[in-house]
Amino acid sequence: MSGFIETEEQQALRKAVAAMAANYGQDYYLEKARTFQEMGADSLCIKDMAGLLAPFDAFELISALKQAVDVPIQLHTHYTSGMASMTCLKAIEAGVDVIDTCLAPLALRTAQPAIEPLVTALAGTDHDTGLDMDKLLEAGDYLETILPKYADELETPRVAVIDARVLSHQIPGGMISNLVSQLRGMDAIDRLPEVLEEIVRTRKDMGYPPLVTPMSQMVGTQSVSNVLAGRYKVVSEEIKDYALGLYGRAPAPLDPEAVEQVLKHREGTVITGRPADLIEPELQAAKNAVAEISDDIDDVLIYALYPATGMKFLRIKHGLDPVPDEMKPKSAERVQAANQVKVAPGSPAPTKIVKSRAYDIHVGERYFRVEVDAADSTRPANNSANSARPGALAGPTLEEVTVLAPMPGIISSYAVEIGAQVGDGDTVVILEAMKMENALASPGSGSVKAFPFPEGATVKKGDVLAIITP
């Protein structure tokens, strides 16, 4: 049996992590815990986002924390590496106060350990939870009845397994879940292996930041952009801010060439001080923006974090706008009909529908016959990327250049006005996608002729967002 051979990037990452571990040992975490308690923290949570915390390491760390601080200690770990249940048991032995778990239908994989076996394992011991197993099973059965409605959002078998390589690449389970969702939405799920490899390179470029929110989202999104559009051809505003030091000091030096590419079209001086000192108060402005919709602080924070997406969500939430079809869950009946095997193996094929083409599809041992309606020859062909889209204008001519959406998203804003002169590489559109703001640059010099979509519009990959006349 051949073993797993590390790439040069993975070896570099492993060595860098080992070097950082020497500086971030148990004493480091104990000192942080004492500091947080002195600041008034009510509890402390150990967040093991990639499932890297080994059982005996958990026992030692939590035992030490229980001696160092008086506040409750919580453990949040993912099942990605397969160690989570063992780690939870050792944490319980060490006196942890809270562990995060999932009901079985949504547990394991990149989620948390299942609660049912842990409750059973602890029954009759000093750590007996007292939870009613029948109620837990009933809740799990209920989930099984409603989860088919969300089949499109669930993990595919390809990534819904224990990933022992997480011990090398260290990508958190929640981050992988986001990547799968994002790539599926871009019809690029087949590029997942490339993205996983690119994350290692991007993380190295960015000085090995810890892959926890928001850095996990920032590094993951940038890695997706690097794979689909070319390395640092599309750069999110958040990564630019990070390169300027606005997210604080990185654990290791950033790659100078990568920083040059990231900041190629961004003005600003790299800072070395405390980033928060440079931030103007924003909360009142956010309250004012949603004042006619809501005064709930949660709604205010949603808008403050994601102005474009947040405002759309709040308008839907409070009944000002209708719920779009894409946000409505599928009924169980529709999902069952879509997944039903129409023709059993060995059975005669049904009568072919007029003006349809039939395809035989084999998925493992299952056989499907799928009929697809033929195109209507009386309907003119449509080759425009954004024709028939609400708000879209006529497509560009051969003499013009365009800015295309590299991924689905929402037009957050336009950086220039119609008629403005732009140069090759100048930012034209800010596209909010995958929770990041991505600056899209002009592919040539000229005058901005048109913006086919208004600000706030939802666009698809390949839509023309700006037309520029040379």
# chains A, B, ... in the order shown; residues from 1 in each chain; ligands from 1

$ closest_atom_pairs --of "stretch 390-457 of chain A" --to "stretch 250-272 of chain A" --cutoff "8 Å" --atoms "only C-alpha atoms" --output "CSV"
residue,atom,partner,partner_atom,distance
A:Gly425,CA,A:His265,CA,7.3
A:Asp426,CA,A:His265,CA,6.8
A:Thr427,CA,A:His265,CA,7.5

$ residues_around --residues "stretch 225-228 of chain A" --least-positions-apart "4" --cutoff "10 Å" --atoms "only C-alpha atoms" --output "JSON, numbers by chain"
{"A": [183, 186, 188, 191, 192, 194, 195, 196, 197, 198, 199, 202, 219, 220, 221, 232, 233, 234, 235, 236, 406, 407, 438]}

$ select_by_dssp --residues "stretch 74-130 of chain A" --states "helix (DSSP H, G or I)" --output "list in words"
Ala84, Ser85, Met86, Thr87, Cys88, Leu89, Lys90, Ala91, Ile92, Glu93, Ala94, Ala104, Pro105, Leu106, Ile115, Glu116, Pro117, Leu118, Val119, Thr120, Ala121 and Leu122 of chain A

$ write_last_selection --atoms "C-alpha atoms" --output "PDB file, in the first residue's frame"
ATOM      1  CA  ALA A  84     -13.699  14.386  17.574  1.00  0.00           C
ATOM      2  CA  SER A  85     -15.574  11.794  19.651  1.00  0.00           C
ATOM      3  CA  MET A  86     -12.354  10.600  21.284  1.00  0.00           C
ATOM      4  CA  THR A  87     -11.288  14.177  21.915  1.00  0.00           C
ATOM      5  CA  CYS A  88     -14.635  14.975  23.523  1.00  0.00           C
ATOM      6  CA  LEU A  89     -14.375  11.994  25.866  1.00  0.00           C
ATOM      7  CA  LYS A  90     -10.896  13.010  27.044  1.00  0.00           C
ATOM      8  CA  ALA A  91     -12.085  16.605  27.418  1.00  0.00           C
ATOM      9  CA  ILE A  92     -14.945  15.371  29.603  1.00  0.00           C
ATOM     10  CA  GLU A  93     -12.477  13.432  31.729  1.00  0.00           C
ATOM     11  CA  ALA A  94     -10.479  16.673  32.145  1.00  0.00           C
ATOM     12  CA  ALA A 104     -26.862  12.010  14.064  1.00  0.00           C
ATOM     13  CA  PRO A 105     -28.400  12.969  10.670  1.00  0.00           C
ATOM     14  CA  LEU A 106     -26.233  16.096  10.516  1.00  0.00           C
ATOM     15  CA  ILE A 115     -24.643  13.333  20.438  1.00  0.00           C
ATOM     16  CA  GLU A 116     -26.377   9.956  20.639  1.00  0.00           C
ATOM     17  CA  PRO A 117     -23.285   7.714  21.063  1.00  0.00           C
ATOM     18  CA  LEU A 118     -21.731  10.185  23.493  1.00  0.00           C
ATOM     19  CA  VAL A 119     -24.868  10.198  25.649  1.00  0.00           C
ATOM     20  CA  THR A 120     -24.852   6.396  25.620  1.00  0.00           C
ATOM     21  CA  ALA A 121     -21.133   6.202  26.425  1.00  0.00           C
ATOM     22  CA  LEU A 122     -21.570   8.496  29.427  1.00  0.00           C
TER      23      LEU A 122
END

$ closest_residue --among "A:Ile279, A:Val429, A:Val71, A:Glu238" --to "A:Glu38" --atoms "only C-alpha atoms"
A:Val71

$ residues_around --residues "A:Ile99" --least-positions-apart "2" --cutoff "7 Å" --atoms "only C-alpha atoms" --output "VMD selection string"
chain A and resid 74 to 76 88 101

$ write_last_selection --atoms "C-alpha atoms" --output "short mmCIF file (atom, residue, chain, number, x, y, z; two decimals), in the first residue's frame"
data_model
loop_
_atom_site.label_atom_id
_atom_site.label_comp_id
_atom_site.auth_asym_id
_atom_site.auth_seq_id
_atom_site.Cartn_x
_atom_site.Cartn_y
_atom_site.Cartn_z
CA GLN A 74 -16.42 24.86 26.22
CA LEU A 75 -15.05 22.66 23.42
CA HIS A 76 -16.10 23.03 19.79
CA CYS A 88 -14.63 14.98 23.52
CA THR A 101 -22.45 18.07 19.23
#

$ select_by_dssp --residues "stretch 15-209 of chain A" --states "strand (DSSP E or B)" --output "list in words"
Leu44, Cys45, Ile46, Lys47, Asp48, Ile73, Gln74, Leu75, His76, Thr77, Val98, Ile99, Cys102 and Ala114 of chain A

$ write_last_selection --atoms "N, CA and C atoms" --output "tab-separated table (two decimals), in the first residue's frame"
chain	number	residue	atom	x	y	z
A	44	LEU	N	-15.11	30.55	28.21
A	44	LEU	CA	-14.07	30.43	27.18
A	44	LEU	C	-14.37	29.21	26.32
A	45	CYS	N	-14.23	29.38	25.01
A	45	CYS	CA	-14.49	28.27	24.08
A	45	CYS	C	-13.23	27.94	23.31
A	46	ILE	N	-12.85	26.67	23.34
A	46	ILE	CA	-11.75	26.18	22.52
A	46	ILE	C	-12.35	25.80	21.17
A	47	LYS	N	-12.02	26.53	20.13
A	47	LYS	CA	-12.61	26.26	18.82
A	47	LYS	C	-11.59	25.53	17.95
A	48	ASP	N	-11.82	24.25	17.78
A	48	ASP	CA	-10.95	23.40	16.97
A	48	ASP	C	-11.59	23.23	15.60
A	73	ILE	N	-15.49	26.22	30.66
A	73	ILE	CA	-14.70	25.93	29.45
A	73	ILE	C	-15.57	25.11	28.50
A	74	GLN	N	-15.63	25.54	27.25
A	74	GLN	CA	-16.42	24.86	26.22
A	74	GLN	C	-15.49	24.36	25.12
A	75	LEU	N	-15.83	23.22	24.53
A	75	LEU	CA	-15.05	22.66	23.42
A	75	LEU	C	-15.92	22.54	22.17
A	76	HIS	N	-15.43	23.13	21.08
A	76	HIS	CA	-16.10	23.03	19.79
A	76	HIS	C	-15.10	22.41	18.81
A	77	THR	N	-15.36	21.18	18.41
A	77	THR	CA	-14.44	20.50	17.50
A	77	THR	C	-15.22	19.87	16.35
A	98	VAL	N	-18.76	22.18	28.68
A	98	VAL	CA	-19.69	22.10	27.55
A	98	VAL	C	-18.96	21.51	26.35
A	99	ILE	N	-19.61	20.61	25.64
A	99	ILE	CA	-19.10	20.16	24.34
A	99	ILE	C	-20.19	20.37	23.30
A	102	CYS	N	-23.85	17.28	17.42
A	102	CYS	CA	-24.95	17.33	16.44
A	102	CYS	C	-25.84	16.10	16.61
A	114	ALA	N	-21.57	13.10	16.79
A	114	ALA	CA	-22.98	12.82	17.07
A	114	ALA	C	-23.21	12.76	18.57
